Amino acid sequence: MQIKVYVPKVIEIPSEYLPALARRAADSLGDRAQEVSATRGHLVRQAVQDGLLREFDNLIGDDGTVDLVCDPGMEIPLEVENRTLSLAELLEALQYKQTLSDVQAASEAA
């Protein structure tokens with residue numbers, strides 16, 4: 001019998017890498033990036049695919065997907081100032097170091 005287990009592990013991703021990771025994760029989702037809530041998993045899986053976390057290389061499947069989750073049971077959306085951001089909104093906030101109110105105003109205007 002094979003059973004897949006997920007072992008908690010703390011990792012560190014330098015903050016300066018987050019905008020690029022968010023960009024590539026959003027690009028991989030295409031138009032859905034506007035709707036999908038951003039999670040730590042999006043960023044960590046992208047970091048593994050990009051080779052930033054070599055100890056997880058064995059989790060990359062033959063199809064290039066990364067078999068990794070960051071929150072037990074389900075991926076918990078990231079929140080900033082008590083608001084869940086889409087992956088596209090997270091990317092905007094990280095790229096331009098905007099405040100949440102700036103991101104909200106831009107989203108509502110679009």
# chains A, B, ... in the order shown; residues from 1 in each chain; ligands from 1
>>> select_by_dssp(residues="range 26-70 of chain A", states="strand (DSSP E or B)", output="PDB file with N, CA and C atoms, in the first residue's frame")
ATOM      1  N   SER A  37      -7.726  32.983  -5.843  1.00  0.00           N
ATOM      2  CA  SER A  37      -7.114  33.567  -4.650  1.00  0.00           C
ATOM      3  C   SER A  37      -5.658  33.134  -4.547  1.00  0.00           C
ATOM      4  N   THR A  39      -2.271  31.994  -2.892  1.00  0.00           N
ATOM      5  CA  THR A  39      -1.935  31.179  -1.723  1.00  0.00           C
ATOM      6  C   THR A  39      -0.420  31.065  -1.613  1.00  0.00           C
ATOM      7  N   ILE A  60       8.838  17.374  -8.300  1.00  0.00           N
ATOM      8  CA  ILE A  60       8.461  17.811  -9.644  1.00  0.00           C
ATOM      9  C   ILE A  60       8.138  16.572 -10.467  1.00  0.00           C
ATOM     10  N   VAL A  66       4.254  20.446  -9.613  1.00  0.00           N
ATOM     11  CA  VAL A  66       4.896  20.220  -8.321  1.00  0.00           C
ATOM     12  C   VAL A  66       3.856  19.675  -7.357  1.00  0.00           C
TER      13      VAL A  66
END
>>> select_by_dssp(residues="range 24-103 of chain A", states="alpha helix (DSSP H)", output="VMD selection string")
chain A and resid 24 to 29 40 to 49 87 to 96 100 to 103
>>> write_last_selection(atoms="N, CA and C atoms", output="CSV table (one decimal), in the first residue's frame")
chain,number,residue,atom,x,y,z
A,24,ARG,N,5.2,34.7,-12.5
A,24,ARG,CA,5.2,33.4,-13.3
A,24,ARG,C,4.0,32.5,-12.9
A,25,ALA,N,3.6,32.5,-11.6
A,25,ALA,CA,2.4,31.8,-11.2
A,25,ALA,C,1.2,32.3,-11.8
A,26,ALA,N,1.1,33.7,-11.9
A,26,ALA,CA,-0.1,34.3,-12.5
A,26,ALA,C,-0.1,34.0,-14.0
A,27,ASP,N,1.1,34.1,-14.6
A,27,ASP,CA,1.1,33.7,-16.1
A,27,ASP,C,0.7,32.3,-16.4
A,28,SER,N,1.0,31.4,-15.5
A,28,SER,CA,0.7,30.0,-15.7
A,28,SER,C,-0.8,29.8,-15.6
A,29,LEU,N,-1.5,30.7,-14.9
A,29,LEU,CA,-3.0,30.6,-14.8
A,29,LEU,C,-3.7,31.4,-15.9
A,40,ARG,N,0.0,30.7,-0.4
A,40,ARG,CA,1.5,30.4,-0.3
A,40,ARG,C,1.9,29.3,-1.2
A,41,GLY,N,1.0,28.3,-1.5
A,41,GLY,CA,1.3,27.2,-2.4
A,41,GLY,C,1.7,27.7,-3.8
A,42,HIS,N,1.0,28.7,-4.3
A,42,HIS,CA,1.3,29.2,-5.6
A,42,HIS,C,2.8,29.7,-5.7
A,43,LEU,N,3.2,30.4,-4.6
A,43,LEU,CA,4.6,30.9,-4.6
A,43,LEU,C,5.6,29.8,-4.4
A,44,VAL,N,5.3,28.9,-3.5
A,44,VAL,CA,6.2,27.8,-3.2
A,44,VAL,C,6.4,26.9,-4.3
A,45,ARG,N,5.3,26.5,-4.9
A,45,ARG,CA,5.4,25.6,-6.1
A,45,ARG,C,6.2,26.2,-7.2
A,46,GLN,N,6.0,27.5,-7.4
A,46,GLN,CA,6.7,28.2,-8.5
A,46,GLN,C,8.2,28.3,-8.1
A,47,ALA,N,8.5,28.5,-6.8
A,47,ALA,CA,9.9,28.5,-6.4
A,47,ALA,C,10.6,27.2,-6.7
A,48,VAL,N,9.8,26.1,-6.4
A,48,VAL,CA,10.4,24.7,-6.7
A,48,VAL,C,10.6,24.6,-8.2
A,49,GLN,N,9.6,25.0,-9.0
A,49,GLN,CA,9.8,24.9,-10.5
A,49,GLN,C,11.0,25.7,-11.0
A,87,LEU,N,-4.5,36.3,-7.3
A,87,LEU,CA,-3.1,36.2,-7.6
A,87,LEU,C,-2.6,37.4,-8.4
A,88,ALA,N,-3.5,37.9,-9.3
A,88,ALA,CA,-3.2,39.1,-10.0
A,88,ALA,C,-3.0,40.3,-9.1
A,89,GLU,N,-3.9,40.5,-8.1
A,89,GLU,CA,-3.8,41.6,-7.2
A,89,GLU,C,-2.5,41.5,-6.3
A,90,LEU,N,-2.2,40.3,-5.9
A,90,LEU,CA,-0.9,40.1,-5.2
A,90,LEU,C,0.2,40.5,-6.0
A,91,LEU,N,0.2,40.1,-7.2
A,91,LEU,CA,1.3,40.5,-8.1
A,91,LEU,C,1.5,42.0,-8.3
A,92,GLU,N,0.3,42.7,-8.5
A,92,GLU,CA,0.4,44.1,-8.5
A,92,GLU,C,0.9,44.8,-7.3
A,93,ALA,N,0.5,44.3,-6.1
A,93,ALA,CA,0.9,44.8,-4.9
A,93,ALA,C,2.4,44.6,-4.7
A,94,LEU,N,2.9,43.4,-5.1
A,94,LEU,CA,4.3,43.1,-4.9
A,94,LEU,C,5.2,43.9,-5.9
A,95,GLN,N,4.7,44.0,-7.1
A,95,GLN,CA,5.5,44.7,-8.2
A,95,GLN,C,5.7,46.1,-7.9
A,96,TYR,N,4.6,46.7,-7.5
A,96,TYR,CA,4.6,48.2,-7.4
A,96,TYR,C,4.6,48.7,-5.9
A,100,LEU,N,-2.9,48.2,-0.1
A,100,LEU,CA,-4.0,47.4,-0.4
A,100,LEU,C,-5.1,48.4,-1.0
A,101,SER,N,-5.3,49.6,-0.5
A,101,SER,CA,-6.3,50.5,-1.0
A,101,SER,C,-6.0,50.9,-2.4
A,102,ASP,N,-4.7,51.0,-2.8
A,102,ASP,CA,-4.4,51.3,-4.2
A,102,ASP,C,-4.7,50.1,-5.1
A,103,VAL,N,-4.5,48.9,-4.6
A,103,VAL,CA,-4.8,47.7,-5.4
A,103,VAL,C,-6.3,47.6,-5.6
>>> atom_distance(atom1="CA of Asp50 in chain A", atom2="CA of Val69 in chain A")
16.5 Å
>>> residues_around(residues="Asn58 in chain A", least_positions_apart="4", cutoff="12 Å", atoms="only C-alpha atoms", output="count of residues only")
11
>>> atom_distance(atom1="CA of Leu78 in chain A", atom2="CA of Val5 in chain A")
23.7 Å
>>> atom_distance(atom1="CA of Lys9 in chain A", atom2="CA of Cys70 in chain A")
9.2 Å
